[in-house]
Amino acid sequence: MSFAGVYPHYINKAEKKGRTKAEVNAIIFWLTGYDEAALDRILENRTDFQSFFAEAPRMNPNVSKITGLICGYRVEDIKEPLMQQIRYLDKLIDELAQGKALEKILRA
């Protein structure tokens, strides 16, 4: 599955709740170390999730602070690394849509 195929859903989910594309991108940049130019290339190339995370400049060292339930599973207990990374991103986007302050989402 390509990241570009899911990205519009992240944006849509956030915007439905009064949040912005810029906030979604800030979450992605924080989590992966990508910047705007790299994200544009990823979307243009329709990069799959495995490559998206494998080629990330750096996963944020505070990723272990992301805890809680997503799709009925505790993100901190997911064993498969790729699925855990995908669920980390899902969890952060959910927190944004739930109205949490961006500073808290980014574990600042």
# chains A, B, ... in the order shown; residues from 1 in each chain; ligands from 1

$ residues_around --residues "Ser64 of chain A" --least-positions-apart "2" --cutoff "10 Å" --atoms "only C-alpha atoms" --output "list in words"
Asn60, Pro61, Asn62, Ile66, Thr67, Val75, Glu76 and Tyr88 of chain A

$ write_last_selection --atoms "C-alpha atoms" --output "mmCIF file, in the first residue's frame"
data_model
loop_
_atom_site.group_PDB
_atom_site.id
_atom_site.type_symbol
_atom_site.label_atom_id
_atom_site.label_comp_id
_atom_site.auth_asym_id
_atom_site.auth_seq_id
_atom_site.Cartn_x
_atom_site.Cartn_y
_atom_site.Cartn_z
ATOM 1 C CA ASN A 60 12.035 10.449 16.479
ATOM 2 C CA PRO A 61 13.762 9.240 19.660
ATOM 3 C CA ASN A 62 10.585 10.034 21.622
ATOM 4 C CA ILE A 66 3.486 7.169 21.977
ATOM 5 C CA THR A 67 1.170 4.855 23.869
ATOM 6 C CA VAL A 75 0.612 0.600 19.978
ATOM 7 C CA GLU A 76 3.426 -0.049 22.414
ATOM 8 C CA TYR A 88 2.246 5.290 15.687
#

$ select_by_dssp --residues "segment 44-97 of chain A" --states "strand (DSSP E)" --output "list in words"
Leu69, Ile70, Tyr73 and Arg74 of chain A

$ residues_around --residues "Ala54 of chain A" --least-positions-apart "3" --cutoff "12 Å" --atoms "only C-alpha atoms" --output "VMD selection string"
chain A and resid 32 to 34 47 to 51 57 to 59 81 to 82 85 to 86

$ select_by_dssp --residues "chain A" --states "helix (DSSP H, G or I)" --output "PyMOL selection string"
chain A and resi 3-16+21-32+36-45+49-54+61-65+75-77+81-97+102-105

$ residues_around --residues "segment 17-25 of chain A" --least-positions-apart "2" --cutoff "10 Å" --atoms "only C-alpha atoms" --output "list in words"
Tyr7, Pro8, Tyr10, Ile11, Asn12, Lys13, Ala14, Glu15, Ile27, Ile28, Phe29, Trp30, Leu31, Tyr34, Asp35, Glu36, Leu39, Leu89, Leu92, Ile93, Leu96, Ala97, Gln98, Gly99 and Leu102 of chain A

$ decode --residues "segment 28-51 of chain A" --atoms "N, CA and C atoms" --output "mmCIF file, in the first residue's frame"
data_model
loop_
_atom_site.group_PDB
_atom_site.id
_atom_site.type_symbol
_atom_site.label_atom_id
_atom_site.label_comp_id
_atom_site.auth_asym_id
_atom_site.auth_seq_id
_atom_site.Cartn_x
_atom_site.Cartn_y
_atom_site.Cartn_z
ATOM 1 N N ILE A 28 4.110 14.251 10.713
ATOM 2 C CA ILE A 28 4.917 13.362 9.872
ATOM 3 C C ILE A 28 6.393 13.739 9.964
ATOM 4 N N PHE A 29 6.685 15.033 9.896
ATOM 5 C CA PHE A 29 8.075 15.498 9.969
ATOM 6 C C PHE A 29 8.691 15.148 11.332
ATOM 7 N N TRP A 30 7.923 15.354 12.394
ATOM 8 C CA TRP A 30 8.406 15.045 13.743
ATOM 9 C C TRP A 30 8.710 13.550 13.881
ATOM 10 N N LEU A 31 7.793 12.720 13.398
ATOM 11 C CA LEU A 31 7.926 11.278 13.561
ATOM 12 C C LEU A 31 9.081 10.704 12.742
ATOM 13 N N THR A 32 9.254 11.194 11.512
ATOM 14 C CA THR A 32 10.163 10.537 10.564
ATOM 15 C C THR A 32 11.428 11.320 10.230
ATOM 16 N N GLY A 33 11.424 12.612 10.450
ATOM 17 C CA GLY A 33 12.563 13.431 10.061
ATOM 18 C C GLY A 33 12.500 13.918 8.625
ATOM 19 N N TYR A 34 11.459 13.550 7.895
ATOM 20 C CA TYR A 34 11.300 14.060 6.531
ATOM 21 C C TYR A 34 11.035 15.562 6.574
ATOM 22 N N ASP A 35 11.262 16.240 5.452
ATOM 23 C CA ASP A 35 10.896 17.647 5.308
ATOM 24 C C ASP A 35 9.886 17.769 4.157
ATOM 25 N N GLU A 36 9.468 18.985 3.864
ATOM 26 C CA GLU A 36 8.431 19.223 2.850
ATOM 27 C C GLU A 36 8.839 18.680 1.479
ATOM 28 N N ALA A 37 10.065 18.941 1.049
ATOM 29 C CA ALA A 37 10.524 18.484 -0.267
ATOM 30 C C ALA A 37 10.530 16.954 -0.348
ATOM 31 N N ALA A 38 10.997 16.306 0.704
ATOM 32 C CA ALA A 38 11.034 14.841 0.727
ATOM 33 C C ALA A 38 9.619 14.272 0.718
ATOM 34 N N LEU A 39 8.718 14.877 1.469
ATOM 35 C CA LEU A 39 7.327 14.415 1.493
ATOM 36 C C LEU A 39 6.706 14.552 0.108
ATOM 37 N N ASP A 40 6.965 15.650 -0.567
ATOM 38 C CA ASP A 40 6.446 15.832 -1.926
ATOM 39 C C ASP A 40 6.938 14.729 -2.863
ATOM 40 N N ARG A 41 8.210 14.368 -2.753
ATOM 41 C CA ARG A 41 8.765 13.286 -3.585
ATOM 42 C C ARG A 41 8.110 11.947 -3.258
ATOM 43 N N ILE A 42 7.911 11.691 -1.971
ATOM 44 C CA ILE A 42 7.275 10.446 -1.532
ATOM 45 C C ILE A 42 5.873 10.332 -2.113
ATOM 46 N N LEU A 43 5.140 11.425 -2.061
ATOM 47 C CA LEU A 43 3.775 11.421 -2.598
ATOM 48 C C LEU A 43 3.786 11.266 -4.115
ATOM 49 N N GLU A 44 4.690 11.959 -4.775
ATOM 50 C CA GLU A 44 4.786 11.888 -6.239
ATOM 51 C C GLU A 44 5.177 10.482 -6.701
ATOM 52 N N ASN A 45 6.090 9.861 -5.988
ATOM 53 C CA ASN A 45 6.572 8.524 -6.356
ATOM 54 C C ASN A 45 5.677 7.398 -5.863
ATOM 55 N N ARG A 46 4.662 7.754 -5.098
ATOM 56 C CA ARG A 46 3.738 6.767 -4.522
ATOM 57 C C ARG A 46 4.502 5.693 -3.732
ATOM 58 N N THR A 47 5.426 6.154 -2.901
ATOM 59 C CA THR A 47 6.255 5.298 -2.064
ATOM 60 C C THR A 47 5.385 4.454 -1.145
ATOM 61 N N ASP A 48 5.737 3.178 -1.017
ATOM 62 C CA ASP A 48 4.965 2.317 -0.118
ATOM 63 C C ASP A 48 5.356 2.579 1.334
ATOM 64 N N PHE A 49 4.532 2.098 2.253
ATOM 65 C CA PHE A 49 4.772 2.348 3.674
ATOM 66 C C PHE A 49 6.100 1.753 4.142
ATOM 67 N N GLN A 50 6.442 0.577 3.643
ATOM 68 C CA GLN A 50 7.686 -0.047 4.071
ATOM 69 C C GLN A 50 8.873 0.850 3.718
ATOM 70 N N SER A 51 8.920 1.344 2.503
ATOM 71 C CA SER A 51 10.005 2.237 2.089
ATOM 72 C C SER A 51 9.920 3.577 2.806
#
